[in-house]
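S.K.: Provided below: start_2.csv, containing CSV, C-alpha atoms.
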```csv
chain,number,residue,atom,x,y,z
A,121,MET,CA,102.8,49.6,126.2
A,122,LEU,CA,101.8,51.3,122.9
A,123,VAL,CA,101.4,55.1,122.9
A,124,LEU,CA,100.5,57.4,120.0
A,125,VAL,CA,103.2,60.1,119.7
A,126,ASN,CA,102.4,62.7,117.1
A,127,GLY,CA,100.3,60.2,115.3
A,128,VAL,CA,102.8,57.4,115.2
A,129,GLU,CA,102.6,54.3,117.5
A,130,ARG,CA,105.6,53.9,119.8
A,131,GLU,CA,106.5,51.1,122.3
A,132,LEU,CA,107.3,52.7,125.6
A,133,PRO,CA,108.0,51.3,129.1
A,134,GLU,CA,105.1,51.1,131.6
A,135,THR,CA,106.8,53.8,133.7
A,136,ALA,CA,107.0,56.3,130.8
A,137,THR,CA,106.3,59.9,131.4
A,138,VAL,CA,105.8,62.9,129.1
A,139,GLY,CA,109.4,63.8,129.8
A,140,LEU,CA,110.6,60.5,128.4
A,141,VAL,CA,108.7,61.1,125.2
A,142,LEU,CA,110.5,64.4,124.8
A,143,ASP,CA,113.8,62.7,125.4
A,144,GLU,CA,113.0,60.1,122.7
A,145,LEU,CA,112.1,62.8,120.2
A,146,GLY,CA,115.2,64.7,121.0
A,147,ALA,CA,113.0,67.7,121.8
A,148,PRO,CA,114.5,70.8,123.5
A,149,ARG,CA,112.9,71.8,126.8
A,150,THR,CA,112.1,75.3,125.5
A,151,GLY,CA,109.9,76.4,122.6
A,152,VAL,CA,107.8,73.2,122.7
A,153,ALA,CA,104.5,72.3,124.2
A,154,VAL,CA,102.8,69.0,125.0
A,155,ALA,CA,99.2,67.9,124.8
A,156,LEU,CA,98.1,64.6,126.4
A,157,ASP,CA,94.7,63.3,125.1
A,158,GLY,CA,93.8,66.8,124.0
A,159,GLU,CA,94.8,68.6,127.2
A,160,VAL,CA,97.9,70.8,127.6
A,161,VAL,CA,100.4,69.4,130.1
A,162,PRO,CA,102.2,72.4,131.7
A,163,ARG,CA,106.0,72.3,131.5
A,164,ALA,CA,106.4,72.0,135.3
A,165,ARG,CA,104.5,68.6,135.2
A,166,TRP,CA,106.3,67.0,132.2
A,167,GLU,CA,108.6,64.8,134.2
A,168,ARG,CA,105.9,63.5,136.6
A,169,THR,CA,103.0,63.1,134.2
A,170,PRO,CA,102.6,59.3,133.6
A,171,LEU,CA,101.3,57.9,130.3
A,172,ALA,CA,98.7,55.2,130.0
A,173,ALA,CA,98.6,52.5,127.2
A,174,GLY,CA,96.8,53.9,124.2
A,175,CYS,CA,97.1,57.5,125.1
A,176,ALA,CA,97.8,60.2,122.5
A,177,VAL,CA,100.7,62.6,123.0
A,178,GLU,CA,101.2,65.6,120.8
A,179,VAL,CA,104.5,67.5,120.9
A,180,LEU,CA,104.4,70.9,119.1
A,181,THR,CA,106.9,73.6,118.3
A,182,ALA,CA,106.9,76.9,116.4
A,183,VAL,CA,107.7,76.7,112.7
A,184,GLN,CA,107.6,79.3,109.8
A,185,GLY,CA,104.1,80.2,109.0
A,186,GLY,CA,101.4,82.8,108.7
B,93,MET,CA,108.1,106.6,118.9
B,94,ASP,CA,105.9,109.6,118.0
B,95,ASP,CA,103.1,107.6,116.3
B,96,PRO,CA,103.2,104.1,117.9
B,97,LEU,CA,100.8,101.2,117.1
B,98,VAL,CA,99.2,100.3,120.4
B,99,ILE,CA,97.6,96.9,120.9
B,100,ALA,CA,96.3,95.8,124.3
B,101,GLY,CA,98.4,98.6,125.9
B,102,ARG,CA,101.6,97.5,124.2
B,103,GLU,CA,103.4,99.9,121.9
B,104,PHE,CA,105.1,99.1,118.6
B,105,GLY,CA,107.2,101.5,116.5
B,106,SER,CA,106.4,99.6,113.3
B,107,ARG,CA,102.9,99.2,111.8
B,108,LEU,CA,104.0,96.3,109.6
B,109,VAL,CA,103.3,92.9,111.1
B,110,MET,CA,105.1,90.1,109.2
B,111,GLY,CA,104.5,86.4,108.7
B,112,THR,CA,107.3,83.9,108.3
B,113,GLY,CA,105.7,81.5,105.9
B,114,GLY,CA,106.8,80.9,102.4
B,115,ALA,CA,110.4,82.0,102.6
B,116,ALA,CA,112.9,79.9,100.7
B,117,ASN,CA,115.2,79.6,103.7
B,118,LEU,CA,116.0,81.3,107.0
B,119,ALA,CA,118.7,83.6,105.5
B,120,VAL,CA,116.3,85.0,103.0
B,121,LEU,CA,113.7,85.4,105.8
B,122,GLU,CA,116.2,87.2,108.1
B,123,ARG,CA,117.1,89.8,105.4
B,124,ALA,CA,113.4,90.4,104.6
B,125,LEU,CA,112.4,90.8,108.3
B,126,VAL,CA,115.3,93.3,108.9
B,127,ALA,CA,114.3,95.3,105.8
B,128,SER,CA,110.6,95.4,106.9
B,129,GLY,CA,111.4,96.9,110.2
B,130,THR,CA,108.8,94.7,111.8
B,131,GLU,CA,108.6,94.2,115.6
B,132,LEU,CA,105.9,91.5,115.6
B,133,THR,CA,105.9,88.4,113.4
B,134,THR,CA,103.7,85.4,113.2
B,135,VAL,CA,104.8,81.7,113.6
B,136,ALA,CA,102.7,78.5,113.2
B,137,MET,CA,102.5,75.6,115.7
B,138,ARG,CA,103.3,72.2,114.2
B,139,ARG,CA,104.2,68.6,115.4
B,140,MET,CA,107.8,68.5,116.5
B,141,ASP,CA,108.9,65.7,114.2
B,142,ALA,CA,107.1,67.0,111.2
B,143,ALA,CA,109.2,70.2,110.9
B,144,GLY,CA,111.9,69.2,113.3
B,145,GLY,CA,112.3,72.7,114.8
B,146,THR,CA,113.1,75.2,112.0
B,147,GLY,CA,115.1,77.6,114.1
B,148,VAL,CA,112.6,80.4,113.4
B,149,LEU,CA,112.2,81.2,117.1
B,150,ASP,CA,115.9,81.6,117.5
B,151,LEU,CA,116.0,83.9,114.5
B,152,LEU,CA,113.2,86.1,115.9
B,153,ARG,CA,114.9,86.2,119.3
B,154,ARG,CA,118.2,87.3,117.8
B,155,LEU,CA,116.5,90.1,115.8
B,156,GLY,CA,114.5,91.2,118.8
B,157,ILE,CA,111.2,90.6,117.1
B,158,GLU,CA,108.2,89.4,119.2
B,159,PRO,CA,106.8,86.1,118.0
B,160,LEU,CA,103.0,86.0,117.5
B,161,PRO,CA,101.8,82.4,117.3
B,162,ASN,CA,98.9,81.7,115.0
B,163,THR,CA,96.3,78.9,114.9
B,164,ALA,CA,96.7,78.3,111.2
B,165,GLY,CA,95.3,74.9,110.0
B,166,CYS,CA,92.5,74.8,112.6
B,167,ARG,CA,89.0,74.2,111.3
B,168,THR,CA,87.0,74.3,114.6
B,169,ALA,CA,86.9,76.4,117.7
B,170,ALA,CA,88.1,73.4,119.8
B,171,GLU,CA,91.2,72.9,117.7
B,172,ALA,CA,92.0,76.6,117.7
B,173,VAL,CA,91.6,76.9,121.5
B,174,LEU,CA,93.9,73.9,122.1
B,175,THR,CA,96.5,75.2,119.6
B,176,ALA,CA,96.5,78.6,121.3
B,177,ARG,CA,97.0,77.0,124.7
B,178,LEU,CA,99.9,74.9,123.3
B,179,ALA,CA,101.4,78.1,121.8
B,180,ARG,CA,101.1,79.9,125.1
B,181,GLU,CA,102.9,77.0,126.8
B,182,ALA,CA,105.7,76.8,124.2
B,183,LEU,CA,106.3,80.5,123.6
B,184,ALA,CA,105.3,81.9,127.0
B,185,THR,CA,103.0,84.5,125.4
B,186,ASP,CA,99.3,84.9,125.8
B,187,TRP,CA,99.0,86.8,122.5
B,188,VAL,CA,97.5,84.7,119.6
B,189,LYS,CA,96.6,85.4,116.0
B,190,LEU,CA,93.4,83.4,115.9
B,191,GLU,CA,92.7,81.7,112.6
B,192,VAL,CA,89.8,79.3,112.1
B,193,VAL,CA,89.3,78.6,108.4
B,194,ALA,CA,86.4,76.9,106.6
B,195,ASP,CA,88.1,75.1,103.8
B,196,GLU,CA,91.4,74.7,102.0
B,197,GLN,CA,90.3,76.2,98.7
B,198,THR,CA,89.4,79.6,100.0
B,199,LEU,CA,91.1,79.6,103.5
B,200,LEU,CA,88.3,82.0,104.4
B,201,PRO,CA,87.5,82.4,108.1
B,202,ASP,CA,84.6,80.3,109.4
B,203,PRO,CA,82.7,83.1,111.3
B,204,VAL,CA,80.7,80.8,113.6
B,205,GLU,CA,83.8,78.9,114.8
B,206,LEU,CA,85.9,82.0,114.9
B,207,LEU,CA,83.6,84.0,117.2
B,208,ASP,CA,83.2,80.9,119.5
B,209,ALA,CA,87.0,80.4,119.7
B,210,ALA,CA,87.5,84.2,120.3
B,211,GLU,CA,85.1,84.2,123.2
B,212,GLN,CA,86.7,81.1,124.9
B,213,LEU,CA,90.2,82.5,124.5
B,214,VAL,CA,89.4,85.9,125.8
B,215,GLU,CA,87.7,84.2,128.8
B,216,ASP,CA,91.0,82.2,129.3
B,217,GLY,CA,93.0,85.4,129.5
B,218,PHE,CA,94.5,85.5,126.0
B,219,THR,CA,95.1,88.7,124.0
B,220,VAL,CA,93.2,87.7,120.9
B,221,LEU,CA,93.9,89.0,117.4
B,222,PRO,CA,91.4,87.3,115.1
B,223,TYR,CA,91.8,86.9,111.3
B,224,THR,CA,88.3,87.7,110.1
B,225,ASN,CA,86.3,88.3,107.0
B,226,ASP,CA,85.8,91.9,105.8
B,227,ASP,CA,82.4,91.8,107.4
B,228,PRO,CA,81.7,94.9,109.5
B,229,VAL,CA,79.1,93.1,111.6
B,230,LEU,CA,81.4,90.2,112.5
B,231,ALA,CA,84.3,92.6,113.2
B,232,LEU,CA,82.1,94.4,115.7
B,233,ARG,CA,81.0,91.2,117.3
B,234,LEU,CA,84.6,90.1,117.7
B,235,GLU,CA,85.4,93.4,119.4
B,236,GLN,CA,82.4,93.0,121.7
B,237,VAL,CA,83.6,89.6,123.0
B,238,GLY,CA,86.9,91.3,124.0
B,239,CYS,CA,89.4,90.9,121.1
B,240,ALA,CA,92.3,93.3,121.3
B,241,ALA,CA,92.3,94.0,117.6
B,242,VAL,CA,90.4,92.9,114.5
B,243,MET,CA,92.2,91.7,111.4
B,244,PRO,CA,90.0,91.7,108.3
B,245,LEU,CA,91.2,90.2,105.0
B,246,GLY,CA,91.7,92.3,101.9
B,247,SER,CA,91.3,89.1,99.8
B,248,PRO,CA,92.0,85.4,100.4
B,249,ILE,CA,95.3,84.4,101.9
B,250,GLY,CA,98.2,84.2,99.4
B,251,THR,CA,96.2,85.5,96.5
B,252,GLY,CA,97.8,88.9,96.2
B,253,LEU,CA,94.5,90.3,95.0
B,254,GLY,CA,94.7,93.4,97.2
B,255,ILE,CA,91.7,94.9,98.9
B,256,ARG,CA,88.6,93.8,97.1
B,257,ASN,CA,86.1,95.7,99.2
B,258,PRO,CA,87.7,98.9,100.4
B,259,HIS,CA,84.3,100.2,101.5
B,260,ASN,CA,83.9,97.3,104.0
B,261,ILE,CA,87.3,98.0,105.4
B,262,GLU,CA,86.3,101.7,105.9
B,263,LEU,CA,83.1,100.6,107.5
B,264,ILE,CA,85.0,98.3,109.9
B,265,VAL,CA,87.5,101.1,110.8
B,266,SER,CA,84.8,103.7,111.3
B,267,ARG,CA,83.1,101.7,114.0
B,268,ALA,CA,86.1,99.9,115.7
B,269,SER,CA,87.5,101.1,118.9
B,270,VAL,CA,90.3,98.5,118.8
B,271,PRO,CA,93.1,98.6,116.1
B,272,VAL,CA,92.1,97.3,112.7
B,273,VAL,CA,94.9,95.3,111.0
B,274,LEU,CA,94.5,94.5,107.3
B,275,ASP,CA,95.5,90.8,107.2
B,276,ALA,CA,95.8,88.8,104.0
B,277,GLY,CA,95.6,89.5,100.3
B,278,ILE,CA,98.3,92.2,100.0
B,279,GLY,CA,100.1,91.8,96.7
B,280,THR,CA,102.3,94.9,96.5
B,281,ALA,CA,103.2,98.1,98.2
B,282,SER,CA,100.3,100.1,96.9
B,283,ASP,CA,97.9,97.6,98.6
B,284,ALA,CA,99.6,98.2,101.9
B,285,ALA,CA,99.5,102.0,101.4
B,286,LEU,CA,95.7,101.8,100.6
B,287,ALA,CA,95.0,99.8,103.7
B,288,MET,CA,96.6,102.5,105.8
B,289,GLU,CA,94.8,105.3,103.8
B,290,LEU,CA,91.5,103.6,104.6
B,291,GLY,CA,92.3,104.0,108.3
B,292,CYS,CA,93.8,100.6,109.2
B,293,SER,CA,96.2,100.8,112.2
B,294,ALA,CA,98.6,98.2,110.7
B,295,VAL,CA,99.1,95.7,107.9
B,296,LEU,CA,99.9,92.0,108.3
B,297,LEU,CA,101.5,90.2,105.3
B,298,ALA,CA,103.8,87.3,104.5
B,299,THR,CA,103.4,85.9,101.0
B,300,ALA,CA,103.7,89.2,99.2
B,301,VAL,CA,107.2,89.5,100.6
B,302,THR,CA,108.5,85.9,101.1
B,303,ARG,CA,107.4,84.8,97.6
B,304,ALA,CA,108.5,88.0,95.8
B,305,GLN,CA,111.4,87.7,93.4
B,306,ASP,CA,113.5,89.8,95.8
B,307,PRO,CA,112.0,89.4,99.3
B,308,GLU,CA,114.3,91.9,100.9
B,309,ARG,CA,113.5,94.7,98.4
B,310,MET,CA,109.8,94.0,98.6
B,311,ALA,CA,110.0,94.1,102.4
B,312,ALA,CA,111.5,97.6,102.2
B,313,ALA,CA,108.7,98.5,99.7
B,314,MET,CA,106.0,97.3,102.1
B,315,ARG,CA,107.6,99.3,104.9
B,316,ALA,CA,107.6,102.5,102.8
B,317,GLY,CA,104.1,101.7,101.6
B,318,VAL,CA,102.7,101.4,105.1
B,319,ASP,CA,104.5,104.6,106.2
B,320,ALA,CA,103.2,106.5,103.2
B,321,GLY,CA,99.7,105.4,103.7
B,322,ARG,CA,99.8,106.2,107.4
B,323,LEU,CA,101.1,109.7,106.7
B,324,ALA,CA,98.5,110.3,104.0
B,325,ARG,CA,95.7,109.2,106.4
B,326,LEU,CA,96.9,111.5,109.1
B,327,ALA,CA,97.4,114.4,106.5
B,328,GLY,CA,93.8,114.1,105.3
B,329,ARG,CA,93.3,113.7,101.5
B,330,ILE,CA,91.5,116.2,99.4
B,331,PRO,CA,87.9,115.5,98.5
B,332,ARG,CA,87.2,113.9,95.1
B,333,ARG,CA,85.8,116.4,92.5
B,334,PHE,CA,84.0,115.7,89.2
B,335,TRP,CA,85.4,118.8,87.4
B,336,ALA,CA,88.9,120.2,87.2
B,337,GLN,CA,90.0,122.9,89.6
B,338,ALA,CA,93.0,125.0,88.4
B,339,SER,CA,96.0,125.0,90.7
B,340,SER,CA,97.6,127.9,89.0
B,341,PRO,CA,96.3,131.6,89.2
B,342,ASP,CA,93.9,132.8,86.4
B,343,VAL,CA,95.6,134.3,83.3
B,344,PRO,CA,95.1,138.1,83.6
```
Starting from the file, give its structure as structure tokens.

M.R.:
Amino acid sequence: MLVLVNGVERELPETATVGLVLDELGAPRTGVAVALDGEVVPRARWERTPLAAGCAVEVLTAVQGG
Amino acid sequence: MDDPLVIAGREFGSRLVMGTGGAANLAVLERALVASGTELTTVAMRRMDAAGGTGVLDLLRRLGIEPLPNTAGCRTAAEAVLTARLAREALATDWVKLEVVADEQTLLPDPVELLDAAEQLVEDGFTVLPYTNDDPVLALRLEQVGCAAVMPLGSPIGTGLGIRNPHNIELIVSRASVPVVLDAGIGTASDAALAMELGCSAVLLATAVTRAQDPERMAAAMRAGVDAGRLARLAGRIPRRFWAQASSPDVP
């Protein structure tokens, strides 16, 4: 299925979870946060939150700014 | 700590809040942060693959500086609220520097969206530090909805134009019962000193240090400027006079 990850379309398996997206991005498990269709997904639910075709996942981290 | 800055019950020995934006690299940033003596420093939230993790969090942790996530880049209350919630999840802090700007050219706060976002975030349990216009009415409204501090601008972000309306800053300070943090527009150390002389509790700056020719030295200057301004404020300046007043005894 196609999923929008940080604005880029990615082909992911039907069983994909938020945790899989983080693995594919090589994201660390600390210092990052995930929104699924505009709602925050708490860290404790990353591995068991399933993705649906066409959903939008945003993975954010802290950078220099302000 | 004989004169701590207190925000939402939390004490800081330094009255200089730093930003991390604009530094050429992390080594330059590290030297500037150390020289500034800051204990609280802002970071922005961005897409993971865009910046690829800059190591700024590791740097702050190593230096024992508390990260203060901001909502820079947000144009609406809804965007700012989501960004603040993501920052809380990523950094495990419910403190947020709330920024909701109206346009790229001025980067001035959008007062309507700002107040809306502040209200929602306070309701959601955040400690909200809003970047606001130098508008005494808006500052009071932000305090009334529960913000832990108000952070009026001296002039637009990154301009280095200093404090364009000192009287407005004094008006904000005179009515505020939360700390007032002068945020944005600082160009050099005398601007930081003036902010403190006007009665601000702290100064927040980034560009003036990170884009200075010698960021480390400018950070030390800002630290000294904030300290000097604070001391002068506490000491109480002399009234301004029109005519001269001799400081030596009369000639007999």

S.K.: Between chain A and chain B, at 9 Å or less, what are the per-residue closest atom pairs and their distances in Å? Count all atoms listed in the file, order by chain and rising residue number, and return it as a tab-separated table.

M.R.:
```
residue	atom	partner	partner_atom	distance
A:Asn126	CA	B:Arg139	CA	6.4
A:Leu145	CA	B:Asp141	CA	7.4
A:Ala147	CA	B:Met140	CA	7.5
A:Thr150	CA	B:Ala182	CA	6.7
A:Gly151	CA	B:Ala182	CA	4.5
A:Val152	CA	B:Ala182	CA	4.4
A:Ala153	CA	B:Ala182	CA	4.7
A:Val154	CA	B:Leu178	CA	6.8
A:Ala155	CA	B:Leu178	CA	7.2
A:Gly158	CA	B:Leu174	CA	7.4
A:Glu159	CA	B:Leu174	CA	7.4
A:Val160	CA	B:Leu178	CA	6.3
A:Val161	CA	B:Glu181	CA	8.7
A:Pro162	CA	B:Glu181	CA	6.8
A:Arg163	CA	B:Glu181	CA	7.3
A:Glu178	CA	B:Arg139	CA	6.9
A:Val179	CA	B:Met140	CA	5.6
A:Leu180	CA	B:Arg139	CA	4.4
A:Thr181	CA	B:Met140	CA	5.5
A:Ala182	CA	B:Met137	CA	4.6
A:Val183	CA	B:Ala136	CA	5.3
A:Gln184	CA	B:Thr112	CA	4.8
A:Gly185	CA	B:Gly113	CA	3.7
A:Gly186	CA	B:Gly111	CA	4.8
```

S.K.: Please provide as a tab-separated table (two decimals) with C-alpha atoms, in the frame of the given file all residues within 7 Å of stretch 132-135 of chain A, with the sequence filter that same-chain residues fewer than 3 positions apart are discarded (counting all atoms listed in the file).

M.R.:
```tsv
chain	number	residue	atom	x	y	z
A	121	MET	CA	102.80	49.60	126.20
A	122	LEU	CA	101.80	51.30	122.90
A	123	VAL	CA	101.40	55.10	122.90
A	170	PRO	CA	102.60	59.30	133.60
```

S.K.: Closest to B:Trp187 among B:Asp342, B:Glu158, B:Asp283, B:Asp202, using only C-alpha atoms?

M.R.: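 Of all the options, B:Glu158 lies closest to B:Trp187.
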
S.K.: Considering only C-alpha atoms, return as a PyMOL selection string whatever protein or nucleic-acid residues lie within 10 Å of A:Arg165, sequence-local ones (same chain, fewer than 5 positions apart) excluded.

M.R.: chain A and resi 137-139+170

S.K.: Closest to A:Asp157 among A:Ala172, A:Val141, A:Val177, A:Val125, using all atoms listed in the file?

M.R.: A:Val177

S.K.: Which residues are close to B:Arg256, i.e. within 12 Å by all atoms listed in the file, leaving aside same-chain residues fewer than 6 positions away? Reply as a PyMOL selection string.

M.R.: chain B and resi 225-226+244-248+274+276-279+283+286-287

S.K.: Enter the distance from atom CA of B:Leu152 to atom CA of B:Val98, in Å, rounded to one decimal.

M.R.: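 Answer for the atom CA of B:Leu152 to atom CA of B:Val98 separation: 20.4 Å.
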
S.K.: Name the closest residue to B:Ala119 among the candidates B:Ile261, B:Cys166, B:Ile99, B:Thr302; distances are taken between atoms, counting all atoms listed in the file.

M.R.: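 Once distances to B:Ala119 are computed over all atoms listed in the file, the minimum belongs to B:Thr302.
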
S.K.: (100.8, 105.4, 107.0) in this file's frame - what residues fall within 12 Å of it? Use only C-alpha atoms and give the answer as a ChimeraX atom specification.

M.R.: /B:95-97,106-108,281-295,314-328

S.K.: List every protein, DNA or RNA residue with an atom no more than 9 Å from (81.3, 84.6, 122.4) in the file's coordinates, counting all atoms listed in the file, and format the result as a PDB file with C-alpha atoms, in the frame of the given file.

M.R.:
```pdb
ATOM      1  CA  LEU B 207      83.600  84.000 117.200  1.00  0.00           C
ATOM      2  CA  ASP B 208      83.200  80.900 119.500  1.00  0.00           C
ATOM      3  CA  ALA B 209      87.000  80.400 119.700  1.00  0.00           C
ATOM      4  CA  ALA B 210      87.500  84.200 120.300  1.00  0.00           C
ATOM      5  CA  GLU B 211      85.100  84.200 123.200  1.00  0.00           C
ATOM      6  CA  GLN B 212      86.700  81.100 124.900  1.00  0.00           C
ATOM      7  CA  VAL B 214      89.400  85.900 125.800  1.00  0.00           C
ATOM      8  CA  ARG B 233      81.000  91.200 117.300  1.00  0.00           C
ATOM      9  CA  LEU B 234      84.600  90.100 117.700  1.00  0.00           C
ATOM     10  CA  GLN B 236      82.400  93.000 121.700  1.00  0.00           C
ATOM     11  CA  VAL B 237      83.600  89.600 123.000  1.00  0.00           C
ATOM     12  CA  GLY B 238      86.900  91.300 124.000  1.00  0.00           C
TER      13      GLY B 238
END
```
